[in-house]
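Since the structure comes first, as structure tokens, the remarks are kept for the end.
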Amino acid sequence: MNAVEEKPNRIIKREEISEGASKSLQRRAFLFQILSFLSPLLLLLLWEILARLNAIDVRLFSSPSRIFAALVPLVSSGELLYHTLVSAWRILLGFIVGAVPGVLLGLSMGLFPPVKALLQPLVAVTFPIPKLAVMPLILIIFGLGESSKVFTIAIGVFYLVLINTMAGVLNIDTIYMDVARSFGASRVQFYTTVALPGALPMIFAGLKLGMGTALLLIVAAELSAARAGVGWMIWRAYDMFDIEKMFCALIVLAFLGYIFSYVLDFVEKVVIPWKNR
Amino acid sequence: MNTTEVIRAENLTKIFKTRESEIVALKNINLSVKDGEFLCIVGPSGCGKTTLLRIFAGLEKQTLGKVYLRVKNTEKPLTAMVFQGDSVFPWMKVTENVEYGLRMRGVPTRERREIALKYLKLMGLEKFAGYYPHQLSGGMKQRINVARAFASDPEILLMDEPFGALDEQNRLILQQELLRIWEGSGKTTVFITHSIDEALLLGDRIIVMTAQPGRIKAILEVGMARPRDMLSIKSSPPFVQLYREIWELLREEVLKARDIKLKK
Ligand SMILES: Nc1ncnc2c1ncn2[C@@H]1O[C@H](COP(=O)(O)OP(=O)(O)OP(=O)(O)O)[C@@H](O)[C@H]1O
Ligand SMILES: [Mg+2]
């Protein structure tokens, strides 16, 4: 038997936003901020305690205080900054060298079916090749200098940007193409007023993915035949069994990734002010 | 094509071929639009009105038959279309959207800004000139769509249910504005609507189309004197008479269209 009796004429009240409720929401937001600030600190603390208690092997896992002690001279001597700048510069160059042709080709493939028919199979076959597997070839072709590192990163970024840009163009609502056509847009005008702005959100999605790949590739690229860079630092520290230095380099990589994604987000906001957030 | 004609369609047929079926959207359309005429087209949903307009605009190719358009002034664009759905570019500000046609023709920035502002004022949107479309309501976006077509100052205006998504009050105001602009410019206009009231208020002639496949069922002359306004014509005998006539014609077709849909 159904025990709940249907009450007729029941009145439900929709509550207004109360002062107290919005206050408590604010308090909660503040609390969450503290929590997300505390969690890394707690982890560091736990790490340190475990290290002090010899619960973990400090020769392998080091400890926050040891890493900090190693970090100070690296920073003050300018060594860390130097390696960071070298890597950042390679990433930046590789990013540009990969992204620009990626966008241009992606737009062309999205807009012109013959270009797509021509290049799609090539892209489909070469995209799955791990970029790391191509590195020795790149080294042979480009030599041991800067260009081989830049090019390794460029290749990784290129594919992601290309594929996303093409998808971005193909997903533009056809009504916008009709509008451009009906108002007599030339090919160039169509590129600049419809195809490019319409594909921008996807292009940025590709750039962000490319960023992750670039960080991955810089470490690998600096493994061989480099004399500087954060990746080189890691491999050098590996050779010397200098765990603290390794952690310092990892911190730099995390920092670089954070900065780059922050910059990308910022540029995206500037370039796509119309995106509904 | 005789000298008073601006658009002429002869035995126009449009068939959409899809993998599973063929849709005959338009069948044997013969019509001509006279210079300076305001032609309204009504018909059941899916009868091919939009398709016809797209063929006139050069956005679609007919399967059979001939279509001619007269170019009188090479300085101006031949056609401008007000699209049925939301077609405002989300990545351009309101003014940039309205200026679009002028920009494509290379009109200098300052000049086209002025023109855009003029039409934004007409649409009651000048306050929103610097906004992005996502900050506007659906009805406001539709008015931008209309302003964009007007601003490009074409020889032939093609309007596909331009006021369909508007609220009643704005619709009445914009219908009146459209009439005022049209009476001033004498621009040849082809106007699709599902409102018989609207067709009678605006049109010199009204074409009633059949349910799919779209054919011309009847062409009616709206002899009512201009300038017209909704309040005074709505109760006049010719209005009532024509309204009934068109409704009878349309009712048959709408029922037929529903029948087709039910059978599928
Ligand atoms: N690109 C297309 N591919 C296939 N079929 C289409 C295409 N465009 C239109 N049709 C078909 O052609 C017919 C006419 O479409 P159209 O858009 O011209 O109708 P309409 O009269 O404008 O309808 P509404 O009043 O609902 O806007 C419909 O049956 C539609 O399904
Ligand atoms: Mg339509």
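By order of appearance in the structure tokens: chains A, B, ..., then residues from 1 within every chain, and ligands from 1 in the order shown.
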Checklist entry - Which residues of chain A are close to chain B, meaning at most 8 Å apart when you count only C-alpha atoms, and how do they look as number ranges by chain? => result A: 175-176, 178-179, 181-186, 189, 197-198, 272-276
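Inspection of the environment of ligand 1, which uses only C-alpha atoms and all ligand atoms and a cut-off of 8 Å, identifies the neighbouring residues as Ile15, Phe16, Lys17, Thr18, Ile23, Val24, Ala25, Leu26, Gly43, Pro44, Ser45, Gly46, Cys47, Gly48, Lys49, Thr50, Thr51, Leu52, Gln84, Asp160, Glu161, Thr193, His194, Gln212, Pro213 and Gly214 of chain B.
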Grab the residues selected above and save them as a PDB file, in the first residue's frame with N, CA and C atoms.
```
ATOM      1  N   ILE B  15      15.212  19.617 -56.921  1.00  0.00           N
ATOM      2  CA  ILE B  15      15.113  18.300 -56.286  1.00  0.00           C
ATOM      3  C   ILE B  15      16.336  18.097 -55.400  1.00  0.00           C
ATOM      4  N   PHE B  16      16.099  17.803 -54.143  1.00  0.00           N
ATOM      5  CA  PHE B  16      17.203  17.446 -53.251  1.00  0.00           C
ATOM      6  C   PHE B  16      17.373  15.942 -53.269  1.00  0.00           C
ATOM      7  N   LYS B  17      18.545  15.498 -53.666  1.00  0.00           N
ATOM      8  CA  LYS B  17      18.803  14.056 -53.664  1.00  0.00           C
ATOM      9  C   LYS B  17      19.578  13.703 -52.404  1.00  0.00           C
ATOM     10  N   THR B  18      19.002  12.848 -51.611  1.00  0.00           N
ATOM     11  CA  THR B  18      19.758  12.310 -50.483  1.00  0.00           C
ATOM     12  C   THR B  18      19.979  10.834 -50.761  1.00  0.00           C
ATOM     13  N   ILE B  23      13.794  14.521 -52.570  1.00  0.00           N
ATOM     14  CA  ILE B  23      12.760  15.449 -52.143  1.00  0.00           C
ATOM     15  C   ILE B  23      12.562  16.477 -53.248  1.00  0.00           C
ATOM     16  N   VAL B  24      11.353  16.529 -53.778  1.00  0.00           N
ATOM     17  CA  VAL B  24      11.050  17.565 -54.758  1.00  0.00           C
ATOM     18  C   VAL B  24      10.604  18.787 -53.975  1.00  0.00           C
ATOM     19  N   ALA B  25      11.512  19.739 -53.837  1.00  0.00           N
ATOM     20  CA  ALA B  25      11.204  20.909 -53.013  1.00  0.00           C
ATOM     21  C   ALA B  25      10.377  21.921 -53.797  1.00  0.00           C
ATOM     22  N   LEU B  26      10.753  22.121 -55.063  1.00  0.00           N
ATOM     23  CA  LEU B  26      10.019  23.074 -55.907  1.00  0.00           C
ATOM     24  C   LEU B  26       9.704  22.399 -57.231  1.00  0.00           C
ATOM     25  N   GLY B  43       3.033  29.962 -47.577  1.00  0.00           N
ATOM     26  CA  GLY B  43       2.876  28.545 -47.904  1.00  0.00           C
ATOM     27  C   GLY B  43       3.159  27.714 -46.683  1.00  0.00           C
ATOM     28  N   PRO B  44       2.696  26.468 -46.675  1.00  0.00           N
ATOM     29  CA  PRO B  44       2.911  25.620 -45.510  1.00  0.00           C
ATOM     30  C   PRO B  44       4.391  25.354 -45.265  1.00  0.00           C
ATOM     31  N   SER B  45       4.712  25.029 -44.050  1.00  0.00           N
ATOM     32  CA  SER B  45       6.101  24.750 -43.685  1.00  0.00           C
ATOM     33  C   SER B  45       6.661  23.612 -44.530  1.00  0.00           C
ATOM     34  N   GLY B  46       7.853  23.811 -45.058  1.00  0.00           N
ATOM     35  CA  GLY B  46       8.500  22.760 -45.850  1.00  0.00           C
ATOM     36  C   GLY B  46       8.099  22.757 -47.316  1.00  0.00           C
ATOM     37  N   CYS B  47       7.438  23.827 -47.774  1.00  0.00           N
ATOM     38  CA  CYS B  47       6.963  23.831 -49.166  1.00  0.00           C
ATOM     39  C   CYS B  47       8.017  24.386 -50.114  1.00  0.00           C
ATOM     40  N   GLY B  48       9.143  24.815 -49.602  1.00  0.00           N
ATOM     41  CA  GLY B  48      10.211  25.244 -50.496  1.00  0.00           C
ATOM     42  C   GLY B  48      10.403  26.750 -50.602  1.00  0.00           C
ATOM     43  N   LYS B  49       9.853  27.517 -49.685  1.00  0.00           N
ATOM     44  CA  LYS B  49       9.980  28.979 -49.748  1.00  0.00           C
ATOM     45  C   LYS B  49      11.443  29.407 -49.596  1.00  0.00           C
ATOM     46  N   THR B  50      12.069  28.862 -48.566  1.00  0.00           N
ATOM     47  CA  THR B  50      13.471  29.214 -48.342  1.00  0.00           C
ATOM     48  C   THR B  50      14.328  28.797 -49.530  1.00  0.00           C
ATOM     49  N   THR B  51      14.054  27.610 -50.049  1.00  0.00           N
ATOM     50  CA  THR B  51      14.804  27.117 -51.201  1.00  0.00           C
ATOM     51  C   THR B  51      14.696  28.078 -52.378  1.00  0.00           C
ATOM     52  N   LEU B  52      13.500  28.571 -52.620  1.00  0.00           N
ATOM     53  CA  LEU B  52      13.287  29.514 -53.728  1.00  0.00           C
ATOM     54  C   LEU B  52      14.133  30.772 -53.523  1.00  0.00           C
ATOM     55  N   GLN B  84      16.509  33.070 -42.341  1.00  0.00           N
ATOM     56  CA  GLN B  84      15.420  32.667 -41.449  1.00  0.00           C
ATOM     57  C   GLN B  84      15.910  32.430 -40.017  1.00  0.00           C
ATOM     58  N   ASP B 160      13.519  36.292 -45.493  1.00  0.00           N
ATOM     59  CA  ASP B 160      12.944  34.982 -45.162  1.00  0.00           C
ATOM     60  C   ASP B 160      12.388  35.002 -43.736  1.00  0.00           C
ATOM     61  N   GLU B 161      11.104  35.233 -43.624  1.00  0.00           N
ATOM     62  CA  GLU B 161      10.442  35.353 -42.308  1.00  0.00           C
ATOM     63  C   GLU B 161      11.257  36.207 -41.345  1.00  0.00           C
ATOM     64  N   THR B 193       6.666  34.970 -45.461  1.00  0.00           N
ATOM     65  CA  THR B 193       6.060  35.090 -44.141  1.00  0.00           C
ATOM     66  C   THR B 193       5.049  33.971 -43.946  1.00  0.00           C
ATOM     67  N   HIS B 194       4.763  33.659 -42.697  1.00  0.00           N
ATOM     68  CA  HIS B 194       3.653  32.735 -42.473  1.00  0.00           C
ATOM     69  C   HIS B 194       2.444  33.469 -41.921  1.00  0.00           C
ATOM     70  N   GLN B 212       4.412  20.395 -50.184  1.00  0.00           N
ATOM     71  CA  GLN B 212       5.444  19.701 -50.960  1.00  0.00           C
ATOM     72  C   GLN B 212       4.860  18.702 -51.958  1.00  0.00           C
ATOM     73  N   PRO B 213       5.286  18.713 -53.203  1.00  0.00           N
ATOM     74  CA  PRO B 213       6.287  19.600 -53.797  1.00  0.00           C
ATOM     75  C   PRO B 213       5.742  21.006 -54.027  1.00  0.00           C
ATOM     76  N   GLY B 214       6.556  22.017 -53.710  1.00  0.00           N
ATOM     77  CA  GLY B 214       6.086  23.387 -53.774  1.00  0.00           C
ATOM     78  C   GLY B 214       5.788  23.863 -55.196  1.00  0.00           C
TER      79      GLY B 214
END
```
Next on the checklist: I need the strand (DSSP E or B) residues of stretch 72-101 of chain B per DSSP on the backbone, written as a PyMOL selection string.
Outcome noted: chain B and resi 79-82
Generate a file of the selected residues that holds all heavy atoms, formatted as a PDB file, in the first residue's frame.
```pdb
ATOM      1  N   THR B  79      21.695  41.332 -54.608  1.00  0.00           N
ATOM      2  CA  THR B  79      20.734  40.879 -53.598  1.00  0.00           C
ATOM      3  C   THR B  79      21.349  40.952 -52.208  1.00  0.00           C
ATOM      4  O   THR B  79      22.560  40.933 -52.054  1.00  0.00           O
ATOM      5  CB  THR B  79      20.333  39.407 -53.828  1.00  0.00           C
ATOM      6  OG1 THR B  79      21.493  38.593 -53.713  1.00  0.00           O
ATOM      7  CG2 THR B  79      19.704  39.203 -55.186  1.00  0.00           C
ATOM      8  N   ALA B  80      20.456  41.047 -51.221  1.00  0.00           N
ATOM      9  CA  ALA B  80      20.890  40.826 -49.839  1.00  0.00           C
ATOM     10  C   ALA B  80      19.787  40.019 -49.193  1.00  0.00           C
ATOM     11  O   ALA B  80      18.612  40.212 -49.480  1.00  0.00           O
ATOM     12  CB  ALA B  80      21.096  42.138 -49.101  1.00  0.00           C
ATOM     13  N   MET B  81      20.186  39.084 -48.350  1.00  0.00           N
ATOM     14  CA  MET B  81      19.200  38.173 -47.792  1.00  0.00           C
ATOM     15  C   MET B  81      19.138  38.301 -46.273  1.00  0.00           C
ATOM     16  O   MET B  81      20.149  38.424 -45.600  1.00  0.00           O
ATOM     17  CB  MET B  81      19.600  36.742 -48.179  1.00  0.00           C
ATOM     18  CG  MET B  81      18.660  35.693 -47.688  1.00  0.00           C
ATOM     19  SD  MET B  81      18.492  34.399 -48.933  1.00  0.00           S
ATOM     20  CE  MET B  81      17.695  33.109 -47.964  1.00  0.00           C
ATOM     21  N   VAL B  82      17.907  38.316 -45.787  1.00  0.00           N
ATOM     22  CA  VAL B  82      17.696  38.186 -44.346  1.00  0.00           C
ATOM     23  C   VAL B  82      17.375  36.717 -44.100  1.00  0.00           C
ATOM     24  O   VAL B  82      16.378  36.203 -44.589  1.00  0.00           O
ATOM     25  CB  VAL B  82      16.528  39.060 -43.865  1.00  0.00           C
ATOM     26  CG1 VAL B  82      16.311  38.866 -42.371  1.00  0.00           C
ATOM     27  CG2 VAL B  82      16.795  40.512 -44.182  1.00  0.00           C
TER      28      VAL B  82
END
```
Next on the checklist: as a PyMOL selection string, please: the residues near B:Glu248 (cut-off 12 Å, only C-alpha atoms, same-chain neighbours under 3 positions excluded).
Outcome noted: chain B and resi 43+196+208+217-218+241-245+251-255
For all heavy atoms, I'd like the residues from the last selection saved as a short mmCIF file (atom, residue, chain, number, x, y, z; two decimals), in the first residue's frame.
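What ended up in again38.cif:
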```cif
data_model
loop_
_atom_site.label_atom_id
_atom_site.label_comp_id
_atom_site.auth_asym_id
_atom_site.auth_seq_id
_atom_site.Cartn_x
_atom_site.Cartn_y
_atom_site.Cartn_z
N GLY B 43 3.03 29.96 -47.58
CA GLY B 43 2.88 28.54 -47.90
C GLY B 43 3.16 27.71 -46.68
O GLY B 43 3.81 28.19 -45.75
N ILE B 196 -0.59 35.88 -42.56
CA ILE B 196 -1.42 36.45 -43.64
C ILE B 196 -1.57 37.95 -43.43
O ILE B 196 -1.52 38.74 -44.37
CB ILE B 196 -2.80 35.76 -43.68
CG1 ILE B 196 -2.63 34.24 -43.82
CG2 ILE B 196 -3.65 36.30 -44.82
CD1 ILE B 196 -3.93 33.47 -43.76
N VAL B 208 0.67 32.25 -53.08
CA VAL B 208 0.37 31.15 -52.16
C VAL B 208 0.95 29.88 -52.76
O VAL B 208 0.70 29.56 -53.92
CB VAL B 208 -1.15 30.98 -51.95
CG1 VAL B 208 -1.43 29.85 -50.95
CG2 VAL B 208 -1.76 32.28 -51.46
N LYS B 217 0.22 28.01 -56.12
CA LYS B 217 -1.20 27.66 -56.09
C LYS B 217 -2.03 28.84 -56.56
O LYS B 217 -2.98 28.68 -57.29
CB LYS B 217 -1.59 27.29 -54.66
CG LYS B 217 -3.01 26.77 -54.49
CD LYS B 217 -3.23 26.36 -53.04
CE LYS B 217 -4.66 25.96 -52.78
NZ LYS B 217 -4.91 24.54 -53.06
N ALA B 218 -1.65 30.03 -56.15
CA ALA B 218 -2.41 31.20 -56.55
C ALA B 218 -1.56 32.45 -56.42
O ALA B 218 -0.63 32.49 -55.60
CB ALA B 218 -3.65 31.35 -55.67
N GLN B 241 -11.79 40.30 -46.97
CA GLN B 241 -12.07 39.44 -48.13
C GLN B 241 -10.82 38.64 -48.53
O GLN B 241 -10.87 37.42 -48.68
CB GLN B 241 -12.54 40.34 -49.28
CG GLN B 241 -12.64 39.66 -50.63
CD GLN B 241 -13.73 38.60 -50.63
OE1 GLN B 241 -14.72 38.71 -49.92
NE2 GLN B 241 -13.53 37.52 -51.42
N LEU B 242 -9.70 39.35 -48.67
CA LEU B 242 -8.45 38.68 -49.08
C LEU B 242 -7.95 37.72 -48.01
O LEU B 242 -7.47 36.63 -48.33
CB LEU B 242 -7.37 39.73 -49.36
CG LEU B 242 -7.44 40.39 -50.73
CD1 LEU B 242 -6.57 41.64 -50.77
CD2 LEU B 242 -7.00 39.41 -51.83
N TYR B 243 -8.11 38.13 -46.79
CA TYR B 243 -7.66 37.28 -45.69
C TYR B 243 -8.38 35.94 -45.77
O TYR B 243 -7.74 34.87 -45.71
CB TYR B 243 -7.95 37.95 -44.34
CG TYR B 243 -7.29 37.25 -43.17
CD1 TYR B 243 -6.17 37.79 -42.57
CD2 TYR B 243 -7.79 36.04 -42.68
CE1 TYR B 243 -5.54 37.15 -41.51
CE2 TYR B 243 -7.17 35.39 -41.62
CZ TYR B 243 -6.05 35.95 -41.04
OH TYR B 243 -5.44 35.31 -39.99
N ARG B 244 -9.68 36.00 -45.96
CA ARG B 244 -10.46 34.77 -46.02
C ARG B 244 -10.02 33.91 -47.21
O ARG B 244 -9.81 32.70 -47.08
CB ARG B 244 -11.95 35.11 -46.15
CG ARG B 244 -12.83 33.87 -46.29
CD ARG B 244 -14.27 34.20 -46.13
NE ARG B 244 -14.51 34.90 -44.86
CZ ARG B 244 -15.56 35.69 -44.65
NH1 ARG B 244 -16.44 35.90 -45.62
NH2 ARG B 244 -15.73 36.28 -43.49
N GLU B 245 -9.82 34.57 -48.33
CA GLU B 245 -9.44 33.87 -49.56
C GLU B 245 -8.11 33.12 -49.36
O GLU B 245 -7.98 31.95 -49.68
CB GLU B 245 -9.28 34.91 -50.67
CG GLU B 245 -9.61 34.39 -52.05
CD GLU B 245 -9.60 35.55 -53.06
OE1 GLU B 245 -10.21 36.61 -52.76
OE2 GLU B 245 -8.96 35.39 -54.10
N ARG B 251 -5.29 26.74 -45.89
CA ARG B 251 -5.79 25.70 -45.00
C ARG B 251 -5.72 24.34 -45.69
O ARG B 251 -5.22 23.37 -45.13
CB ARG B 251 -7.23 26.01 -44.59
CG ARG B 251 -7.62 25.42 -43.25
CD ARG B 251 -8.97 25.96 -42.85
NE ARG B 251 -9.98 25.38 -43.71
CZ ARG B 251 -10.80 24.39 -43.32
NH1 ARG B 251 -10.71 23.92 -42.10
NH2 ARG B 251 -11.69 23.90 -44.14
N GLU B 252 -6.18 24.32 -46.93
CA GLU B 252 -6.11 23.10 -47.74
C GLU B 252 -4.70 22.53 -47.75
O GLU B 252 -4.48 21.34 -47.53
CB GLU B 252 -6.46 23.44 -49.19
CG GLU B 252 -7.86 23.09 -49.62
CD GLU B 252 -8.08 23.58 -51.05
OE1 GLU B 252 -7.23 23.28 -51.93
OE2 GLU B 252 -9.06 24.30 -51.25
N GLU B 253 -3.74 23.44 -48.03
CA GLU B 253 -2.35 23.00 -48.20
C GLU B 253 -1.73 22.57 -46.87
O GLU B 253 -0.99 21.60 -46.83
CB GLU B 253 -1.52 24.12 -48.83
CG GLU B 253 -1.92 24.46 -50.24
CD GLU B 253 -1.95 23.24 -51.15
OE1 GLU B 253 -1.04 22.39 -51.03
OE2 GLU B 253 -2.89 23.10 -51.95
N VAL B 254 -2.06 23.31 -45.83
CA VAL B 254 -1.49 22.94 -44.52
C VAL B 254 -2.01 21.56 -44.12
O VAL B 254 -1.26 20.72 -43.63
CB VAL B 254 -1.85 23.99 -43.45
CG1 VAL B 254 -1.43 23.53 -42.06
CG2 VAL B 254 -1.18 25.32 -43.79
N LEU B 255 -3.28 21.33 -44.37
CA LEU B 255 -3.85 20.01 -44.06
C LEU B 255 -3.16 18.93 -44.89
O LEU B 255 -2.84 17.86 -44.39
CB LEU B 255 -5.36 19.99 -44.31
CG LEU B 255 -6.16 20.80 -43.29
CD1 LEU B 255 -7.64 20.82 -43.64
CD2 LEU B 255 -5.95 20.25 -41.87
#
```
B:Ala129: which residues within 8 Å, counting only C-alpha atoms, same-chain residues fewer than 4 positions away excluded, as a CSV table (one decimal) with N, CA and C atoms, in the first residue's frame?
```
chain,number,residue,atom,x,y,z
B,93,LYS,N,31.1,42.2,-33.2
B,93,LYS,CA,30.2,43.1,-32.4
B,93,LYS,C,29.0,43.4,-33.3
B,94,VAL,N,28.0,44.0,-32.6
B,94,VAL,CA,26.7,44.3,-33.3
B,94,VAL,C,27.0,45.2,-34.5
B,95,THR,N,27.8,46.3,-34.4
B,95,THR,CA,28.0,47.2,-35.5
B,95,THR,C,28.8,46.4,-36.6
B,117,LEU,N,25.1,52.6,-38.0
B,117,LEU,CA,24.5,53.3,-36.9
B,117,LEU,C,23.1,53.7,-37.2
B,120,LEU,N,20.9,50.7,-37.1
B,120,LEU,CA,20.8,50.2,-35.7
B,120,LEU,C,19.8,51.1,-35.0
B,125,LEU,N,18.4,49.6,-31.7
B,125,LEU,CA,19.5,48.9,-31.1
B,125,LEU,C,20.8,49.7,-30.9
```
Checklist entry - Separation of atom CA of A:Ser147 and atom CA of A:Val252, in Å? => result 22.6 Å
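Near A:Gly206, within a cut-off of 10 Å and counting only C-alpha atoms, sit the residues Ala99, Gly102, Val103, Val157, Phe158, Tyr159, Leu160, Val161, Leu162, Ile163, Asn164, Thr165, Gly168, Leu200, Pro201 and Met211 of chain A, with same-chain residues fewer than 5 positions away left out.
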Item to check | Surrounding residues of B:Arg215 excluding itself and chain neighbours under 5 positions, 7 Å, only C-alpha atoms, as a list in words | outcome: Leu26, Lys27, Asn28, Ile29, Met209 and Thr210 of chain B
Just the selected residues (all heavy atoms), exported as a PDB file, in the first residue's frame, please.
```
ATOM      1  N   LEU B  26      10.753  22.121 -55.063  1.00  0.00           N
ATOM      2  CA  LEU B  26      10.019  23.074 -55.907  1.00  0.00           C
ATOM      3  C   LEU B  26       9.704  22.399 -57.231  1.00  0.00           C
ATOM      4  O   LEU B  26      10.532  21.661 -57.769  1.00  0.00           O
ATOM      5  CB  LEU B  26      10.871  24.321 -56.182  1.00  0.00           C
ATOM      6  CG  LEU B  26      11.225  25.200 -54.984  1.00  0.00           C
ATOM      7  CD1 LEU B  26      12.298  26.203 -55.365  1.00  0.00           C
ATOM      8  CD2 LEU B  26       9.980  25.912 -54.459  1.00  0.00           C
ATOM      9  N   LYS B  27       8.503  22.666 -57.747  1.00  0.00           N
ATOM     10  CA  LYS B  27       8.151  22.024 -59.003  1.00  0.00           C
ATOM     11  C   LYS B  27       7.515  23.023 -59.951  1.00  0.00           C
ATOM     12  O   LYS B  27       6.487  23.640 -59.614  1.00  0.00           O
ATOM     13  CB  LYS B  27       7.189  20.862 -58.724  1.00  0.00           C
ATOM     14  CG  LYS B  27       7.046  19.949 -59.911  1.00  0.00           C
ATOM     15  CD  LYS B  27       6.378  18.661 -59.519  1.00  0.00           C
ATOM     16  CE  LYS B  27       6.245  17.759 -60.728  1.00  0.00           C
ATOM     17  NZ  LYS B  27       5.522  16.536 -60.406  1.00  0.00           N
ATOM     18  N   ASN B  28       8.143  23.209 -61.086  1.00  0.00           N
ATOM     19  CA  ASN B  28       7.576  24.056 -62.133  1.00  0.00           C
ATOM     20  C   ASN B  28       7.103  25.416 -61.668  1.00  0.00           C
ATOM     21  O   ASN B  28       5.958  25.779 -61.876  1.00  0.00           O
ATOM     22  CB  ASN B  28       6.388  23.333 -62.785  1.00  0.00           C
ATOM     23  CG  ASN B  28       6.874  22.522 -63.967  1.00  0.00           C
ATOM     24  OD1 ASN B  28       7.814  22.922 -64.655  1.00  0.00           O
ATOM     25  ND2 ASN B  28       6.243  21.388 -64.183  1.00  0.00           N
ATOM     26  N   ILE B  29       8.006  26.137 -61.078  1.00  0.00           N
ATOM     27  CA  ILE B  29       7.652  27.481 -60.624  1.00  0.00           C
ATOM     28  C   ILE B  29       7.850  28.454 -61.779  1.00  0.00           C
ATOM     29  O   ILE B  29       8.922  28.521 -62.379  1.00  0.00           O
ATOM     30  CB  ILE B  29       8.554  27.920 -59.461  1.00  0.00           C
ATOM     31  CG1 ILE B  29       8.438  26.960 -58.284  1.00  0.00           C
ATOM     32  CG2 ILE B  29       8.264  29.350 -59.056  1.00  0.00           C
ATOM     33  CD1 ILE B  29       7.263  27.161 -57.402  1.00  0.00           C
ATOM     34  N   MET B 209       1.773  29.176 -51.982  1.00  0.00           N
ATOM     35  CA  MET B 209       2.383  27.958 -52.507  1.00  0.00           C
ATOM     36  C   MET B 209       1.690  26.716 -51.981  1.00  0.00           C
ATOM     37  O   MET B 209       1.048  26.738 -50.930  1.00  0.00           O
ATOM     38  CB  MET B 209       3.873  27.929 -52.157  1.00  0.00           C
ATOM     39  CG  MET B 209       4.665  28.979 -52.941  1.00  0.00           C
ATOM     40  SD  MET B 209       6.432  28.943 -52.598  1.00  0.00           S
ATOM     41  CE  MET B 209       6.877  27.330 -53.184  1.00  0.00           C
ATOM     42  N   THR B 210       1.850  25.638 -52.727  1.00  0.00           N
ATOM     43  CA  THR B 210       1.237  24.379 -52.311  1.00  0.00           C
ATOM     44  C   THR B 210       2.188  23.639 -51.381  1.00  0.00           C
ATOM     45  O   THR B 210       3.372  23.940 -51.316  1.00  0.00           O
ATOM     46  CB  THR B 210       0.983  23.463 -53.521  1.00  0.00           C
ATOM     47  OG1 THR B 210       2.255  23.105 -54.088  1.00  0.00           O
ATOM     48  CG2 THR B 210       0.132  24.151 -54.568  1.00  0.00           C
TER      49      THR B 210
END
```
Checklist entry - Separation of atom CA of A:Lys245 and atom CA of A:Leu71, in Å? => result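 Straight-line distance from atom CA of A:Lys245 to atom CA of A:Leu71 works out to 7.5 Å.
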Checklist entry - Can you list, as an MDAnalysis selection string, every protein, DNA or RNA residue that comes within 10 Å of stretch 224-238 of chain A when you count only C-alpha atoms, leaving out same-chain residues fewer than 3 positions away? => result chainID A and resid 79:90 135:136 139 143:146 148:149 215:221 241:253
Item to check | Straight-line distance linking atom CA of A:Arg28 with atom CA of A:Ile12, stated in Å to one decimal | outcome: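 Computed distance, atom CA of A:Arg28 to atom CA of A:Ile12, equals 27.4 Å.
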Next on the checklist: Going by DSSP on the backbone, which residues of stretch 7-154 of chain A come out as alpha helix (DSSP H)? List them as number ranges by chain.
Outcome noted: A: 19-52, 58-61, 64-76, 79-111, 113-126, 131-142, 146-154
